[in-house]
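Visitor: The following block contains the structure, expressed as structure tokens.
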Number of protein chains: 2
Amino acid sequence: MKVTISDIARQAGVSKATVSRVLNNRTEGVGPETRQRIQELLRETGFQPSGFARGLATGKSASVGVIIPDIANPYYSMLVRGAEDTLKKAGYSLFLCNSDLDIKKEKEYVSILIEKGVDGVILDSAESDCDCQLELLEEAEIPYILIDRIIDDPMKYAGVYVDNLDGGRQAAEFLLSRPGSSLIFINGPAELSQSRLRQEGVELAIKQMGLPADRVEILYGDYSIESGRKLMEDCLRRHVLPGGAVSFTGVFAANDLMAFGALRALREAHISVPDQVEVIGFDDIEMAEMVDPPLSTVSQPAIEMGSRSAAMLLQMITGKRPRPKTVTLATRLILRGTTRTPG
Amino acid sequence: MKVTISDIARQAGVSKATVSRVLNNRTEGVGPETRQRIQELLRETGFQPSGFARGLATGKSASVGVIIPDIANPYYSMLVRGAEDTLKKAGYSLFLCNSDLDIKKEKEYVSILIEKGVDGVILDSAESDCDCQLELLEEAEIPYILIDRIIDDPMKYAGVYVDNLDGGRQAAEFLLSRPGSSLIFINGPAELSQSRLRQEGVELAIKQMGLPADRVEILYGDYSIESGRKLMEDCLRRHVLPGGAVSFTGVFAANDLMAFGALRALREAHISVPDQVEVIGFDDIEMAEMVDPPLSTVSQPAIEMGSRSAAMLLQMITGKRPRPKTVTLATRLILRGTTRTPG
DNA sequence: TTGAAAGCGCTAACAG
DNA sequence: CTGTTAGCGCTTTCAA
């Protein structure tokens, strides 16, 4: 913040305009030796252009905002990592915002990001009646990508999605394929379209298999380890029969963290996994593979979601804003130690 | 980015200066009814001030940079979360930078952050011969906080530290207190002062207990789950005796992730934890408690480190830059299922 | 190939 | 209590 473009200009005996040209690598408009001289000066003086000034003049900031529920959740960490890597490659920086799934915080962050002059935002959004955050973005004409959150008209928004419905279906189908099986589904927050879709998947499996609807009990958690544990503890209170037997055979949790919590509760109740109860999570975070028994889960390509959304956003920022596009990535059931071998 | 302070001024029939005054909540210098009128206008028009313009005029950005090795590591996620929360409360935003412990990337990021005009940076730094990132920061006169990285003169830098030496000592002492015990220490990267200190702690324990130095074998990993696993697999190749017995009794890993990896290797080799081998990690990430058996570990208050460093940084930014201060937070050995009961 | 000059939107003296 | 006037550091026509 010390040496400015004017200093360089003066020392080089040229105008600011010329310095600006070499600063921005404009091929035309600067003689080779002039360029050389200026470049040396820039180097020697350790010149750092002011982002403020540049931003004010160009209206661009080379930065984007990423709003997620909570960076402490490994799934989002990976997503953010994916985004950051591809943004960095393109010369963009990343503002990190944790919304805690709170629409108010989210709106606040959008406001702040607009003030900061971000060129775009990636939004793994809370959902609610008001889409006021989006309105702010629209008004400011800032491109944004929605992650895995459907808001009415899917063609109107750009976004990257994961096939939640099919993920839910796969898990439920596996768990319910056992004779005499019944399922506890620990879903995420009921307001999320994500949750709705996974639930639809579960219901689809039931229908396809011709099973009665009461073969599955649905609970709603908040994606934290604690909530998975609590919910499962309650559940066990209701479902453990006098002889120590359990009246359900499978647990499907809407994320791995809640699955871990459920496993913990199961373990403490001395219920054997996968012999008495099979468990499937969702996300496939790194830890899923490391616990004992390793967690079977529906994998969701977090890093790729981050990098894809960043790439799409960059395209919207630099390109002519092609029509909003939507990408849906596949989910895949990964069988590990918390499920028995199929069949 | 549409309606500006001039628009407001014109519509309110006042000067930009006046609008600026109410914008910044200056108590003096604006009549109550003028203020009222302007505030309404601001509301109605949905006015968003330009951070660029403000930054250019004031030299402040209300944003700070946070450079960490990798947000995908839960320890850093928590640290960042702690920092973000306290920064947000103070009205600051956060640029997230992943260095991968690469000094070159780190320096690059520092440069970028300076261009962005950050008011300060929190640096969980790679270490190397060159402290060139710090020089850049000094030159730009941007306050910064070092996290758990000692660079020669501790009084010269502001930082928050964790008592690594004592953490290492506690873990080693526990593991070596068993009769006939010997220890594998999976340390972090050898270049980090963090690693050196933990190693010193281990060595201190040995000395204090009057044990021969060869009771501990030291390996160096990179903090990833994979490296913990690989290292332990190699180790087992060397240390599993013909009868299936193992020639070491304890494993101390410099972070929980590597401990998980080691546990995995141990499990696959059918070595019982904690009966044959006891394991202690470092960090106490949330997952430590959830695995089976729950991981004994040296806890390190990640969230608090983040919030403390943010708070200190804010003080340096707003205050008169009091003499650089150093805070060292305690580590604590938490005994869970991967160790046997003491004694 | 270069330079002059006007601005980007806001703040901050200094006057009135 | 309010307005005037300069900038902050850079980009960008438009001329030369």
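Labeling convention for the structure tokens: chains A, B, ... as they appear, residues from 1 per chain, ligands from 1 in order of appearance.
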Each residue of chain B with at least one atom at most 7 Å from chain C should appear once, together with its nearest atom pair and the corresponding distance in Å (one decimal); atoms considered: only C-alpha atoms (C1' of nucleotides); ordering: chain, then increasing residue number; output as a Markdown table.
Guide:
```
| residue | atom | partner | partner_atom | distance |
| --- | --- | --- | --- | --- |
| B:Thr4 | CA | C:DG9 | C1' | 6.7 |
| B:Ser50 | CA | C:DG9 | C1' | 6.5 |
| B:Ala53 | CA | C:DG9 | C1' | 4.9 |
| B:Arg54 | CA | C:DC10 | C1' | 5.0 |
| B:Ala57 | CA | C:DT11 | C1' | 5.6 |
| B:Thr58 | CA | C:DT11 | C1' | 6.7 |
```
Visitor: Can you check which residues of chain B have any atom within 12 Å of chain D? Use only C-alpha atoms (C1' of nucleotides) and format it as an MDAnalysis selection string.
Guide: chainID B and resid 9 13:21 27:35 52:60 115
Visitor: Do me a favour and pick out the residues of chain B within 7 Å of chain A, using only C-alpha atoms, as a PyMOL selection string.
Guide: chain B and resi 1+48-53+55-56+71-72+74+77-78+81+93-96+115-117+140+260+264+290-292
Visitor: List every residue of range 63-108 of chain B that DSSP, applied to the backbone of this structure, places in alpha helix (DSSP H), and write the result as a list in words.
Guide: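 Residues meeting the alpha helix (DSSP H) criterion: Pro74, Tyr75, Tyr76, Ser77, Met78, Leu79, Val80, Arg81, Gly82, Ala83, Glu84, Asp85, Thr86, Leu87, Lys88, Lys89, Ile103, Lys104, Lys105, Glu106, Lys107 and Glu108 of chain B.
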Visitor: Using only C-alpha atoms, please write the residues we just selected to a file, as a tab-separated table (two decimals), in the first residue's frame.
Guide:
```
chain	number	residue	atom	x	y	z
B	74	PRO	CA	-11.09	-31.04	10.52
B	75	TYR	CA	-8.67	-29.42	12.89
B	76	TYR	CA	-8.31	-26.44	10.60
B	77	SER	CA	-12.00	-26.37	9.85
B	78	MET	CA	-12.66	-25.84	13.49
B	79	LEU	CA	-9.97	-23.26	13.80
B	80	VAL	CA	-11.37	-21.35	10.85
B	81	ARG	CA	-14.85	-21.63	12.24
B	82	GLY	CA	-13.69	-20.13	15.51
B	83	ALA	CA	-12.00	-17.30	13.68
B	84	GLU	CA	-14.92	-16.64	11.38
B	85	ASP	CA	-17.40	-16.37	14.20
B	86	THR	CA	-15.47	-13.77	16.11
B	87	LEU	CA	-14.52	-11.88	12.98
B	88	LYS	CA	-18.11	-11.75	11.83
B	89	LYS	CA	-19.24	-10.38	15.16
B	103	ILE	CA	5.78	-21.90	1.25
B	104	LYS	CA	5.46	-20.74	-2.34
B	105	LYS	CA	1.70	-20.86	-2.33
B	106	GLU	CA	1.72	-19.14	0.98
B	107	LYS	CA	3.77	-16.27	-0.25
B	108	GLU	CA	1.55	-15.97	-3.27
```
Visitor: CA of Glu203 in chain A and CA of Thr297 in chain A are how many Å apart?
Guide: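 Between CA of Glu203 in chain A and CA of Thr297 in chain A the gap is 18.2 Å.
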Visitor: Just to confirm, what's the straight-line distance from CA of Ile271 in chain B to CA of Gly244 in chain B in Å (one decimal)?
Guide: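 Taking CA of Ile271 in chain B as the start and CA of Gly244 in chain B as the end point, the length is 8.6 Å.
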Visitor: If DSSP is run on the backbone, what residues of range 86-297 of chain A are strand (DSSP E or B)? A reply as a PyMOL selection string would be ideal.
Guide: chain A and resi 93-98+120-123+144-147+159-162+183-187+216-220+240+246+250-253+278-283+296-297
Visitor: Report, in Å with one decimal, the straight-line distance from CA of Thr328 in chain B to CA of Asp163 in chain B.
Guide: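 Between CA of Thr328 in chain B and CA of Asp163 in chain B the gap works out to 6.2 Å.
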